[in-house]
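Student: So I've got this file, protein-v3.txt, and it contains compact mmCIF, C-alpha atoms and all ligand atoms:
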```txt
# COMPACT_ATOMS: atom_id res chain seq x y z
CA MET A 16 0.00 0.00 0.00
CA SER A 17 1.30 3.43 -0.87
CA ASN A 18 2.45 5.62 1.96
CA TYR A 19 0.16 8.30 0.57
CA VAL A 20 -2.80 6.13 1.51
CA ARG A 21 -1.35 5.44 4.92
CA CYS A 22 -0.73 9.10 5.69
CA PHE A 23 -3.23 11.16 3.78
CA GLY A 24 -5.82 8.95 2.02
CA THR A 25 -6.48 8.00 -1.57
CA GLU A 26 -6.95 11.49 -3.00
CA PHE A 27 -3.30 12.16 -2.55
CA ILE A 28 -2.30 9.33 -4.86
CA ILE A 29 -4.34 10.81 -7.69
CA LYS A 30 -2.52 14.09 -7.32
CA SER A 31 0.76 12.14 -7.81
CA PHE A 32 3.46 14.75 -7.81
CA ILE A 33 6.24 14.77 -10.34
CA PHE A 34 9.61 14.23 -8.77
CA GLY A 35 12.87 15.65 -10.06
CA GLY A 36 14.84 12.61 -11.19
CA TYR A 37 18.47 11.84 -10.61
CA ASP A 38 20.72 14.29 -12.39
CA MET A 39 22.06 12.32 -15.36
CA THR A 40 24.68 14.93 -16.20
CA ASN A 41 26.08 14.69 -12.74
CA LYS A 42 25.96 10.90 -12.87
CA LYS A 43 27.94 10.92 -16.10
CA ILE A 44 30.60 13.19 -14.60
CA ILE A 45 30.93 10.91 -11.58
CA SER A 46 31.23 7.75 -13.70
CA LYS A 47 33.69 9.49 -16.03
CA TYR A 48 35.98 10.31 -13.14
CA LYS A 49 35.46 6.92 -11.59
CA SER A 50 36.66 5.27 -14.79
CA GLU A 51 39.55 7.70 -15.29
CA LYS A 52 40.68 7.06 -11.76
CA SER A 53 39.88 3.38 -11.78
CA GLU A 54 43.45 2.48 -10.93
CA GLU A 55 43.19 4.40 -7.71
CA LYS A 56 41.95 2.38 -4.82
CA ASN A 57 39.01 3.55 -2.74
CA LEU A 58 38.27 6.81 -4.49
CA SER A 59 36.70 8.82 -1.71
CA PHE A 60 33.57 10.88 -2.01
CA LYS A 61 35.70 13.91 -1.25
CA ASP A 62 37.84 13.06 -4.31
CA LEU A 63 34.69 12.83 -6.39
CA ILE A 64 33.59 16.24 -5.25
CA TYR A 65 36.97 17.72 -6.14
CA CYS A 66 36.57 16.13 -9.57
CA LEU A 67 33.12 17.65 -9.91
CA LYS A 68 34.40 21.04 -8.80
CA ASN A 69 37.11 20.88 -11.44
CA GLU A 70 34.61 19.79 -14.05
CA LYS A 71 32.33 22.65 -13.07
CA THR A 72 35.18 25.12 -13.30
CA ASN A 73 35.98 23.83 -16.80
CA LEU A 74 32.35 24.10 -17.84
CA LEU A 75 32.12 27.60 -16.41
CA ASN A 76 35.24 28.67 -18.26
CA GLN A 77 33.60 27.60 -21.52
CA SER A 78 30.25 29.09 -20.68
CA GLN A 79 28.47 32.39 -21.12
CA TYR A 80 29.98 33.48 -17.82
CA ASN A 81 33.48 33.19 -19.23
CA GLY A 82 35.80 35.58 -17.53
CA ASN A 83 33.88 35.82 -14.32
CA LYS A 84 35.60 33.61 -11.80
CA SER A 85 33.17 34.20 -8.98
CA GLU A 86 30.99 31.23 -9.99
CA THR A 87 33.50 28.77 -8.54
CA LYS A 88 33.34 30.67 -5.26
CA ASP A 89 29.54 30.63 -5.46
CA PHE A 90 29.56 26.87 -5.99
CA ASN A 91 31.91 26.43 -3.05
CA ASN A 92 29.68 28.50 -0.78
CA ILE A 93 26.59 26.52 -1.76
CA LEU A 94 28.41 23.20 -1.39
CA ASN A 95 30.06 24.16 1.91
CA SER A 96 26.86 25.32 3.56
CA ILE A 97 24.68 22.41 2.48
CA VAL A 98 27.21 19.66 3.18
CA GLY A 99 28.12 21.39 6.45
CA PHE A 100 24.44 21.38 7.38
CA THR A 101 23.77 17.76 6.40
CA VAL A 102 26.84 16.40 8.20
CA GLY A 103 25.87 18.33 11.35
CA ASP A 104 22.37 16.87 11.14
CA ALA A 105 23.57 13.28 10.68
CA LEU A 106 26.08 13.65 13.53
CA GLY A 107 23.36 14.76 15.91
CA VAL A 108 20.66 12.24 14.98
CA PRO A 109 21.76 9.34 17.24
CA VAL A 110 21.84 11.50 20.37
CA GLU A 111 18.75 13.62 19.77
CA PHE A 112 16.96 14.30 23.08
CA LYS A 113 19.94 13.05 25.09
CA SER A 114 20.62 15.26 28.10
CA ARG A 115 23.70 17.44 28.40
CA GLN A 116 24.62 15.67 31.62
CA LYS A 117 24.74 12.29 29.86
CA LEU A 118 26.75 13.73 26.97
CA GLU A 119 29.23 15.28 29.40
CA ILE A 120 29.95 11.79 30.75
CA ASN A 121 30.07 10.21 27.29
CA PRO A 122 30.56 12.97 24.66
CA LEU A 123 29.78 12.37 21.01
CA LYS A 124 32.85 13.03 18.88
CA GLU A 125 32.35 10.80 15.85
CA MET A 126 29.58 9.86 13.47
CA ILE A 127 27.82 6.86 14.92
CA GLY A 128 24.63 5.00 14.14
CA TYR A 129 21.48 3.89 15.93
CA GLY A 130 20.83 5.58 19.28
CA PHE A 131 17.50 7.34 19.70
CA HIS A 132 16.11 6.90 16.17
CA LYS A 133 17.72 3.50 15.56
CA VAL A 134 19.04 4.48 12.12
CA PRO A 135 22.43 3.63 10.59
CA GLU A 136 25.38 6.02 10.86
CA GLY A 137 25.32 8.84 8.32
CA THR A 138 21.52 9.09 8.23
CA TRP A 139 20.25 12.65 7.97
CA SER A 140 16.86 13.58 9.42
CA ASP A 141 13.84 15.78 8.66
CA ASP A 142 16.01 18.91 8.77
CA SER A 143 18.05 17.92 5.72
CA SER A 144 15.12 16.23 3.97
CA MET A 145 13.02 19.40 4.12
CA MET A 146 16.03 21.45 3.01
CA LEU A 147 16.50 19.14 0.01
CA ALA A 148 12.77 19.31 -0.80
CA THR A 149 13.02 23.11 -0.88
CA MET A 150 16.09 22.96 -3.10
CA ASP A 151 14.32 20.54 -5.46
CA SER A 152 11.35 22.88 -5.75
CA ILE A 153 13.57 25.86 -6.60
CA ILE A 154 15.44 23.74 -9.15
CA GLU A 155 12.22 22.60 -10.78
CA LYS A 156 10.32 25.89 -10.69
CA LYS A 157 13.34 28.21 -11.05
CA ASP A 158 11.38 30.39 -8.67
CA ILE A 159 9.79 30.30 -5.23
CA ASP A 160 6.49 28.41 -5.42
CA TYR A 161 5.16 27.93 -1.89
CA ASN A 162 2.51 25.42 -2.87
CA ASP A 163 5.08 23.33 -4.70
CA ILE A 164 7.43 23.47 -1.71
CA MET A 165 4.60 22.18 0.49
CA LYS A 166 3.82 19.43 -2.02
CA LYS A 167 7.41 18.36 -1.84
CA PHE A 168 7.35 18.39 1.97
CA CYS A 169 4.40 16.00 1.67
CA ASP A 170 6.43 13.87 -0.73
CA TRP A 171 9.04 13.62 1.99
CA TYR A 172 6.64 12.91 4.82
CA ALA A 173 4.30 10.55 3.02
CA ASP A 174 6.55 8.86 0.50
CA SER A 175 10.05 9.17 1.98
CA LYS A 176 11.39 11.28 -0.88
CA TYR A 177 14.58 13.20 0.04
CA THR A 178 15.50 10.77 2.80
CA ALA A 179 18.89 9.22 3.45
CA THR A 180 17.72 5.60 3.58
CA GLY A 181 14.19 5.57 2.15
CA ILE A 182 12.62 5.87 5.58
CA THR A 183 10.94 8.98 6.97
CA PHE A 184 11.45 9.59 10.65
CA ASP A 185 11.31 12.60 12.96
CA ILE A 186 8.76 15.33 12.31
CA GLY A 187 7.90 18.34 14.47
CA ILE A 188 4.36 18.79 15.75
CA SER A 189 3.76 22.17 14.06
CA THR A 190 5.16 20.85 10.78
CA SER A 191 2.96 17.76 10.93
CA LYS A 192 -0.15 19.87 11.58
CA ALA A 193 0.72 22.24 8.72
CA LEU A 194 1.20 19.39 6.22
CA GLN A 195 -2.14 17.92 7.26
CA LYS A 196 -3.82 21.32 6.67
CA PHE A 197 -2.20 21.53 3.24
CA TYR A 198 -3.44 18.08 2.37
CA ASN A 199 -6.91 19.11 3.51
CA GLY A 200 -6.92 21.89 0.93
CA LEU A 201 -5.57 25.02 2.60
CA SER A 202 -3.19 27.05 0.46
CA ALA A 203 0.47 26.85 1.49
CA LEU A 204 0.71 30.27 3.12
CA GLU A 205 -2.26 29.56 5.41
CA CYS A 206 -0.95 26.31 6.86
CA GLY A 207 1.53 27.37 9.53
CA GLY A 208 0.37 27.77 13.11
CA ASN A 209 0.63 31.23 14.61
CA GLY A 210 0.31 30.49 18.32
CA GLU A 211 3.02 31.10 20.93
CA TYR A 212 3.68 27.36 20.95
CA ASP A 213 4.31 27.29 17.21
CA ASN A 214 7.82 28.62 17.66
CA GLY A 215 9.84 25.47 17.42
CA ASN A 216 12.88 25.54 15.14
CA GLY A 217 11.00 23.83 12.29
CA SER A 218 11.14 26.71 9.83
CA LEU A 219 14.69 27.75 10.75
CA MET A 220 15.97 24.23 10.12
CA ARG A 221 14.84 24.17 6.49
CA LEU A 222 15.62 27.78 5.59
CA LEU A 223 19.12 27.52 4.12
CA PRO A 224 18.09 27.20 0.42
CA ILE A 225 15.86 30.26 0.84
CA VAL A 226 18.79 32.23 2.30
CA LEU A 227 20.98 31.18 -0.62
CA TYR A 228 18.22 32.07 -3.08
CA SER A 229 17.87 35.53 -1.54
CA PHE A 230 21.63 36.08 -1.53
CA TYR A 231 22.22 35.04 -5.13
CA ASN A 232 19.18 36.93 -6.40
CA ASN A 233 20.35 40.07 -4.63
CA LEU A 234 16.94 40.64 -3.09
CA ASN A 235 16.49 43.96 -1.35
CA GLU A 236 15.54 44.12 2.33
CA GLU A 237 11.78 44.37 1.74
CA GLN A 238 11.76 41.50 -0.76
CA GLU A 239 13.86 39.38 1.55
CA ILE A 240 11.67 39.99 4.59
CA GLU A 241 8.61 38.96 2.60
CA LEU A 242 10.36 35.85 1.28
CA ILE A 243 11.63 34.82 4.72
CA SER A 244 8.27 35.47 6.42
CA ASN A 245 6.34 33.52 3.80
CA SER A 246 8.83 30.65 3.88
CA SER A 247 8.59 30.40 7.66
CA SER A 248 4.80 30.66 7.63
CA LEU A 249 4.41 27.44 5.63
CA THR A 250 4.79 25.65 8.95
CA HIS A 251 5.58 28.37 11.53
CA ASN A 252 3.60 31.56 11.13
CA HIS A 253 4.41 33.35 14.39
CA GLU A 254 6.55 36.50 14.34
CA ILE A 255 9.12 35.03 16.75
CA SER A 256 9.86 32.33 14.16
CA LYS A 257 9.93 34.81 11.29
CA LEU A 258 12.36 37.07 13.15
CA GLY A 259 14.60 34.14 14.10
CA CYS A 260 14.73 33.14 10.43
CA LYS A 261 15.64 36.71 9.46
CA ILE A 262 18.47 36.96 12.01
CA TYR A 263 19.87 33.63 10.76
CA THR A 264 19.57 34.91 7.17
CA ASP A 265 21.48 38.08 8.02
CA PHE A 266 24.23 36.13 9.78
CA VAL A 267 24.62 33.59 6.97
CA LYS A 268 24.61 36.29 4.29
CA SER A 269 27.47 38.07 6.05
CA LEU A 270 29.46 34.82 5.99
CA LEU A 271 28.61 34.30 2.31
CA LYS A 272 30.07 37.74 1.62
CA GLY A 273 33.33 36.52 3.15
CA GLN A 274 33.00 38.28 6.49
CA THR A 275 34.58 36.81 9.61
CA LYS A 276 32.30 35.34 12.27
CA ALA A 277 32.95 38.42 14.47
CA GLN A 278 31.91 40.70 11.61
CA ALA A 279 28.82 38.59 10.94
CA PHE A 280 27.91 38.88 14.62
CA ASN A 281 28.45 42.64 14.52
CA ASP A 282 26.22 42.81 11.44
CA ILE A 283 23.24 41.37 13.32
CA LEU A 284 23.98 43.56 16.35
CA SER A 285 23.94 46.71 14.25
CA LYS A 286 20.69 45.85 12.46
CA ASP A 287 17.49 47.67 13.45
CA TYR A 288 14.90 44.90 13.50
CA SER A 289 12.27 47.21 15.00
CA GLU A 290 11.45 48.53 11.54
CA HIS A 291 9.76 45.28 10.63
CA TYR A 292 9.23 43.29 13.83
CA SER A 293 7.43 44.05 17.10
CA ASN A 294 9.31 44.81 20.31
CA GLY A 295 7.63 41.79 21.87
CA SER A 296 9.34 39.46 19.38
CA ILE A 297 12.65 41.35 19.43
CA ASN A 298 12.78 40.95 23.21
CA TYR A 299 13.09 37.19 22.76
CA TYR A 300 16.37 37.80 20.92
CA LYS A 301 17.63 40.50 23.30
CA ARG A 302 20.32 38.23 24.74
CA LEU A 303 21.58 37.11 21.33
CA LEU A 304 21.63 40.66 19.98
CA ASN A 305 23.97 41.85 22.71
CA ILE A 306 27.72 42.41 22.46
CA LYS A 307 28.29 40.26 25.55
CA PHE A 308 26.45 37.22 24.13
CA PRO A 309 29.64 35.29 23.18
CA GLU A 310 30.84 35.59 26.78
CA LEU A 311 27.97 33.50 28.14
CA SER A 312 28.99 30.19 29.70
CA SER A 313 27.68 26.90 28.30
CA SER A 314 25.45 26.49 31.35
CA GLU A 315 23.62 29.63 30.24
CA ILE A 316 23.01 28.30 26.71
CA ASN A 317 19.83 26.28 26.23
CA SER A 318 19.63 23.70 23.50
CA SER A 319 15.92 23.06 23.22
CA GLY A 320 13.87 23.02 20.03
CA PHE A 321 12.53 26.53 20.76
CA ILE A 322 13.75 28.65 17.84
CA VAL A 323 15.35 31.25 20.13
CA ASP A 324 17.34 28.58 21.98
CA THR A 325 18.38 26.85 18.76
CA LEU A 326 19.58 30.04 17.11
CA GLU A 327 21.43 31.18 20.25
CA ALA A 328 23.10 27.79 20.70
CA SER A 329 24.19 27.58 17.06
CA ILE A 330 25.64 31.08 16.85
CA TRP A 331 27.27 30.69 20.28
CA CYS A 332 28.97 27.44 19.22
CA LEU A 333 30.24 29.11 16.05
CA LEU A 334 31.54 32.17 17.92
CA THR A 335 33.31 30.16 20.63
CA THR A 336 35.20 27.65 18.45
CA SER A 337 37.67 27.88 15.60
CA SER A 338 37.01 24.89 13.32
CA TYR A 339 34.09 23.10 11.69
CA GLU A 340 34.70 19.97 13.74
CA ASN A 341 34.89 21.76 17.08
CA ALA A 342 31.83 23.88 16.31
CA VAL A 343 29.51 20.97 15.47
CA VAL A 344 30.88 18.67 18.20
CA LYS A 345 30.31 21.45 20.73
CA ALA A 346 26.80 22.04 19.35
CA ILE A 347 25.79 18.40 19.56
CA ASN A 348 27.18 17.89 23.04
CA LEU A 349 24.89 20.63 24.33
CA GLY A 350 22.29 17.88 24.14
CA ASN A 351 18.54 17.86 23.53
CA ASP A 352 17.79 19.05 19.95
CA THR A 353 21.19 17.88 18.78
CA ASP A 354 20.48 17.25 15.10
CA THR A 355 18.98 20.67 14.37
CA ILE A 356 21.55 22.60 16.41
CA GLY A 357 24.31 20.52 14.79
CA ALA A 358 22.85 21.24 11.35
CA ILE A 359 22.38 25.00 11.81
CA THR A 360 25.87 25.31 13.32
CA GLY A 361 27.25 23.14 10.51
CA SER A 362 25.73 25.34 7.79
CA MET A 363 27.53 28.41 9.13
CA ALA A 364 30.77 26.59 9.97
CA GLY A 365 30.78 25.04 6.48
CA ILE A 366 30.76 28.49 4.88
CA LEU A 367 33.29 29.90 7.35
CA TYR A 368 35.90 27.12 7.24
CA GLY A 369 35.19 25.58 3.83
CA TYR A 370 34.50 22.12 2.53
CA GLU A 371 38.03 20.95 3.22
CA SER A 372 37.49 21.50 6.93
CA ILE A 373 34.60 19.00 7.10
CA PRO A 374 36.19 15.69 8.11
CA GLU A 375 36.27 13.20 5.26
CA ARG A 376 35.59 10.39 7.74
CA TRP A 377 32.17 12.00 8.36
CA ILE A 378 31.33 12.87 4.75
CA SER A 379 32.20 9.35 3.62
CA LYS A 380 29.66 7.91 6.05
CA LEU A 381 26.73 9.99 4.79
CA LYS A 382 24.00 7.82 3.30
CA ASN A 383 22.62 8.64 -0.16
CA LYS A 384 25.40 11.17 -0.69
CA GLU A 385 25.47 10.90 -4.48
CA TYR A 386 21.85 12.06 -4.57
CA LEU A 387 22.68 14.81 -2.10
CA PHE A 388 25.56 15.99 -4.23
CA SER A 389 23.61 15.80 -7.49
CA LEU A 390 20.96 18.05 -5.97
CA ILE A 391 23.62 20.50 -4.74
CA ASN A 392 25.04 20.60 -8.26
CA LYS A 393 21.65 21.29 -9.84
CA PHE A 394 20.79 23.84 -7.18
CA ASP A 395 24.04 25.66 -7.86
CA GLU A 396 23.29 25.76 -11.58
CA THR A 397 19.79 27.09 -10.90
CA LEU A 398 20.98 29.85 -8.57
CA ILE A 399 23.82 30.92 -10.85
CA ASN A 400 21.45 31.06 -13.83
CA LEU A 401 19.04 33.19 -11.82
CA LYS A 402 21.88 35.40 -10.66
CA TYR A 403 23.01 36.16 -14.20
CA ASN A 404 19.57 36.39 -15.75
CA GLU A 405 18.16 39.79 -14.86
CA ASN A 406 14.99 39.04 -16.79
CA SER A 407 14.22 35.78 -15.03
CA ASP A 408 10.61 35.13 -14.06
CA ALA A 409 11.76 34.91 -10.45
CA LYS A 410 13.04 38.46 -10.50
CA LYS A 411 10.02 39.76 -12.37
CA ASN A 412 7.69 38.18 -9.81
CA LEU A 413 9.42 39.71 -6.83
MG MG A 501 15.65 16.28 12.88
```
What would you get if you wrote out this structure as structure tokens?
Ligand SMILES: [Mg+2]
Tutor:
Amino acid sequence: MSNYVRCFGTEFIIKSFIFGGYDMTNKKIISKYKSEKSEEKNLSFKDLIYCLKNEKTNLLNQSQYNGNKSETKDFNNILNSIVGFTVGDALGVPVEFKSRQKLEINPLKEMIGYGFHKVPEGTWSDDSSMMLATMDSIIEKKDIDYNDIMKKFCDWYADSKYTATGITFDIGISTSKALQKFYNGLSALECGGNGEYDNGNGSLMRLLPIVLYSFYNNLNEEQEIELISNSSSLTHNHEISKLGCKIYTDFVKSLLKGQTKAQAFNDILSKDYSEHYSNGSINYYKRLLNIKFPELSSSEINSSGFIVDTLEASIWCLLTTSSYENAVVKAINLGNDTDTIGAITGSMAGILYGYESIPERWISKLKNKEYLFSLINKFDETLINLKYNENSDAKKNL
């Protein structure tokens, strides 16, 4: 029996969404390099990515963007953030909900399997699946289509699309309710809950592709605020969630511009959020938006699934460490919502320290990584095309 029947009823099968298939171009590049390097033993996934990066550079040099070298940097930023995020998620999955006290006795330092969700090592969770679903929608639509993004979230939840091992596990309560409302016929932007208790980190955890889209489309502040608010409201429609997503966006965009983590932190401190958000919501972020925030001790940092706690914990871990590995290990050992805090921290640390800083021993363990990488490659192509096409439908619609 189809999972659609199990989760949503028969109507959903009839709607049968069209999935983006495996990227054949990418597959050809991988097999080409595999055959060229066939004499080498145990070609690592990291090697394959270097091959793909080289191939992409060659293609770019022959392309309409000839002469503009920034595309390689763009690709690196997109790759670094998404792989950094996914590795952080997979690292945190086995110890999700584990207390800080237990992790202090037995800290997690390597990618392991099983634990709370009983899944193999290298399995990413709902955070990465919903991020990949968003990327796939942008690739397919070359635009932001909220209803299509929600359809693809349903594809993940009901039919295990975008998962690491073909099994869906882990879904937040607000997200689950929103998907049910969408299935029942509400339009995408009406589905997210707007109560005080609808401020889990469920919209923050899937926001990265939207941040990248905004950055590479050079959206102005008003356009970006609308995009971020709408994206959050698919599942989390309260202003606290929307503001948390905006602060994360501002921080990540500073890193994408090549700023240091201290400069990125200063950028969010110097921003006047009161132009677009109420004082009531800003008050929740008062501690984060304070110069003394990095000086807080770990005992003062909460690591719950409340969006304010998650954002604080992730930025604090980034500000108080100096490598990708240390940042995500510190994030996960805070305990509780380990996968999401690991993922959010990993997205920022990936940009800051680069792909090379993400341990190969972790990347090599990721499940379904060829699919992950093929989607990153297609997403990069989509964003770069949008960036260089001033007359794109996406830009006209904004
Ligand atoms: Mg998760």
Student: Could you give me, as a PyMOL selection string, the residues that have an atom at most 8 Å away from the point (9.6, 30.6, 6.8) in the coordinates of the file, using all atoms listed in the file?
Tutor: chain A and resi 218-219+222+242-252+256-257+260
Student: Residues within 6 Å of region 358-365 of chain A, please, as a compact mmCIF listing (two decimals) with C-alpha atoms, in the frame of the given file. Count all atoms listed in the file; anything in the same chain fewer than 3 positions from it doesn't count.
Tutor:
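Heads up, here's the output in around-v2.txt:
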```txt
# COMPACT_ATOMS: atom_id res chain seq x y z
CA ASN A 95 30.06 24.16 1.91
CA SER A 96 26.86 25.32 3.56
CA GLY A 99 28.12 21.39 6.45
CA PHE A 100 24.44 21.38 7.38
CA GLY A 103 25.87 18.33 11.35
CA ASP A 104 22.37 16.87 11.14
CA SER A 329 24.19 27.58 17.06
CA TYR A 339 34.09 23.10 11.69
CA VAL A 343 29.51 20.97 15.47
CA ASP A 354 20.48 17.25 15.10
CA THR A 355 18.98 20.67 14.37
CA TYR A 368 35.90 27.12 7.24
CA GLY A 369 35.19 25.58 3.83
```
Student: Within 10 Å of region 186-190 of chain A, counting all atoms listed in the file, which residues qualify if same-chain residues fewer than 6 places away don't, as a ChimeraX atom specification?
Tutor: /A:140-142,168,172,196,206-210,212-218,249-252,320
Student: For C-alpha atoms, I'd like the residues from the last selection saved as a PDB file, in the frame of the given file.
Tutor:
```pdb
ATOM      1  CA  SER A 140      16.860  13.580   9.420  1.00  0.00           C
ATOM      2  CA  ASP A 141      13.840  15.780   8.660  1.00  0.00           C
ATOM      3  CA  ASP A 142      16.010  18.910   8.770  1.00  0.00           C
ATOM      4  CA  PHE A 168       7.350  18.390   1.970  1.00  0.00           C
ATOM      5  CA  TYR A 172       6.640  12.910   4.820  1.00  0.00           C
ATOM      6  CA  LYS A 196      -3.820  21.320   6.670  1.00  0.00           C
ATOM      7  CA  CYS A 206      -0.950  26.310   6.860  1.00  0.00           C
ATOM      8  CA  GLY A 207       1.530  27.370   9.530  1.00  0.00           C
ATOM      9  CA  GLY A 208       0.370  27.770  13.110  1.00  0.00           C
ATOM     10  CA  ASN A 209       0.630  31.230  14.610  1.00  0.00           C
ATOM     11  CA  GLY A 210       0.310  30.490  18.320  1.00  0.00           C
ATOM     12  CA  TYR A 212       3.680  27.360  20.950  1.00  0.00           C
ATOM     13  CA  ASP A 213       4.310  27.290  17.210  1.00  0.00           C
ATOM     14  CA  ASN A 214       7.820  28.620  17.660  1.00  0.00           C
ATOM     15  CA  GLY A 215       9.840  25.470  17.420  1.00  0.00           C
ATOM     16  CA  ASN A 216      12.880  25.540  15.140  1.00  0.00           C
ATOM     17  CA  GLY A 217      11.000  23.830  12.290  1.00  0.00           C
ATOM     18  CA  SER A 218      11.140  26.710   9.830  1.00  0.00           C
ATOM     19  CA  LEU A 249       4.410  27.440   5.630  1.00  0.00           C
ATOM     20  CA  THR A 250       4.790  25.650   8.950  1.00  0.00           C
ATOM     21  CA  HIS A 251       5.580  28.370  11.530  1.00  0.00           C
ATOM     22  CA  ASN A 252       3.600  31.560  11.130  1.00  0.00           C
ATOM     23  CA  GLY A 320      13.870  23.020  20.030  1.00  0.00           C
TER      24      GLY A 320
END
```
Student: Which of these, A:Glu396, A:Asp151, A:Asp352, A:Asp160, has the shortest distance to ligand MG 501 (chain A) once you count all atoms listed in the file?
Tutor: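 Distance minimum relative to ligand MG 501 (chain A) lands on A:Asp352.
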Student: Rank nothing, just name the residue among A:Met220, A:Leu147, A:Ile330, A:Met165 nearest to ligand MG 501 (chain A), using all atoms listed in the file.
Tutor: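 Closest residue, counting all atoms listed in the file: A:Met220.
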Student: With only C-alpha atoms and all ligand atoms as the atoms that count, which of A:Val344, A:Val110, A:Leu194, A:Leu304 lies nearest to ligand MG 501 (chain A)?
Tutor: A:Val110
Student: Skipping near chain neighbours, those fewer than 6 positions away, what residues fall within 8 Å of region 399-405 of chain A using only C-alpha atoms, listed as a PyMOL selection string?
Tutor: chain A and resi 86+89+157+231-233
Student: Which residue gives the smallest distance to ligand MG 501 (chain A) among A:Ser318, A:Thr183, A:Asn281, A:Asn92, with all atoms listed in the file counted?
Tutor: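 Of the candidates, the smallest distance to ligand MG 501 (chain A) is held by A:Thr183.
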Student: Take CA of Ile366 (chain A) and CA of Leu123 (chain A) and report the distance between them in Å, one decimal.
Tutor: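 Atom-to-atom, CA of Ile366 (chain A) and CA of Leu123 (chain A) are spaced 22.8 Å apart.
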Student: Contacts of Glu290 (chain A) at 12 Å or less, counting all atoms listed in the file, minus same-chain residues fewer than 5 places along, as a list in words?
Tutor: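 The residues satisfying every condition are Glu236, Glu237, Ile240, Leu258 and Ile297 of chain A.
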Student: Would you mind exporting the chosen residues as a compact mmCIF listing (two decimals), keeping the file's coordinate frame, restricted to C-alpha atoms?
Tutor:
```txt
# COMPACT_ATOMS: atom_id res chain seq x y z
CA GLU A 236 15.54 44.12 2.33
CA GLU A 237 11.78 44.37 1.74
CA ILE A 240 11.67 39.99 4.59
CA LEU A 258 12.36 37.07 13.15
CA ILE A 297 12.65 41.35 19.43
```
Student: For CA of Ala203 (chain A) and CA of Lys393 (chain A), determine how far apart the two atoms are, in Å to one decimal place.
Tutor: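 Going from CA of Ala203 (chain A) over to CA of Lys393 (chain A), I get 24.7 Å.
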Student: Tell me, as a list in words, which residues lie within 9 Å of region 312-314 of chain A, counting all atoms listed in the file; anything in the same chain fewer than 6 positions away does not count.
Tutor: Ala328, Trp331 and Leu349 of chain A
Student: Considering only C-alpha atoms, can you say which of A:Leu387, A:Glu205, A:Leu398, A:Lys276 comes closest to Val226 (chain A)?
Tutor: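 Smallest separation from Val226 (chain A) among the options: A:Leu398.
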Student: Could you state the separation of CA of Cys169 (chain A) and CA of Thr325 (chain A) in Å, given to one decimal place?
Tutor: 24.6 Å
Student: Between A:Ile356, A:Leu367, A:Met126, A:Leu223, single out the one closest to ligand MG 501 (chain A), counting all atoms listed in the file.
Tutor: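 Of A:Ile356, A:Leu367, A:Met126, A:Leu223, the one nearest ligand MG 501 (chain A), counting all atoms listed in the file, is A:Ile356.
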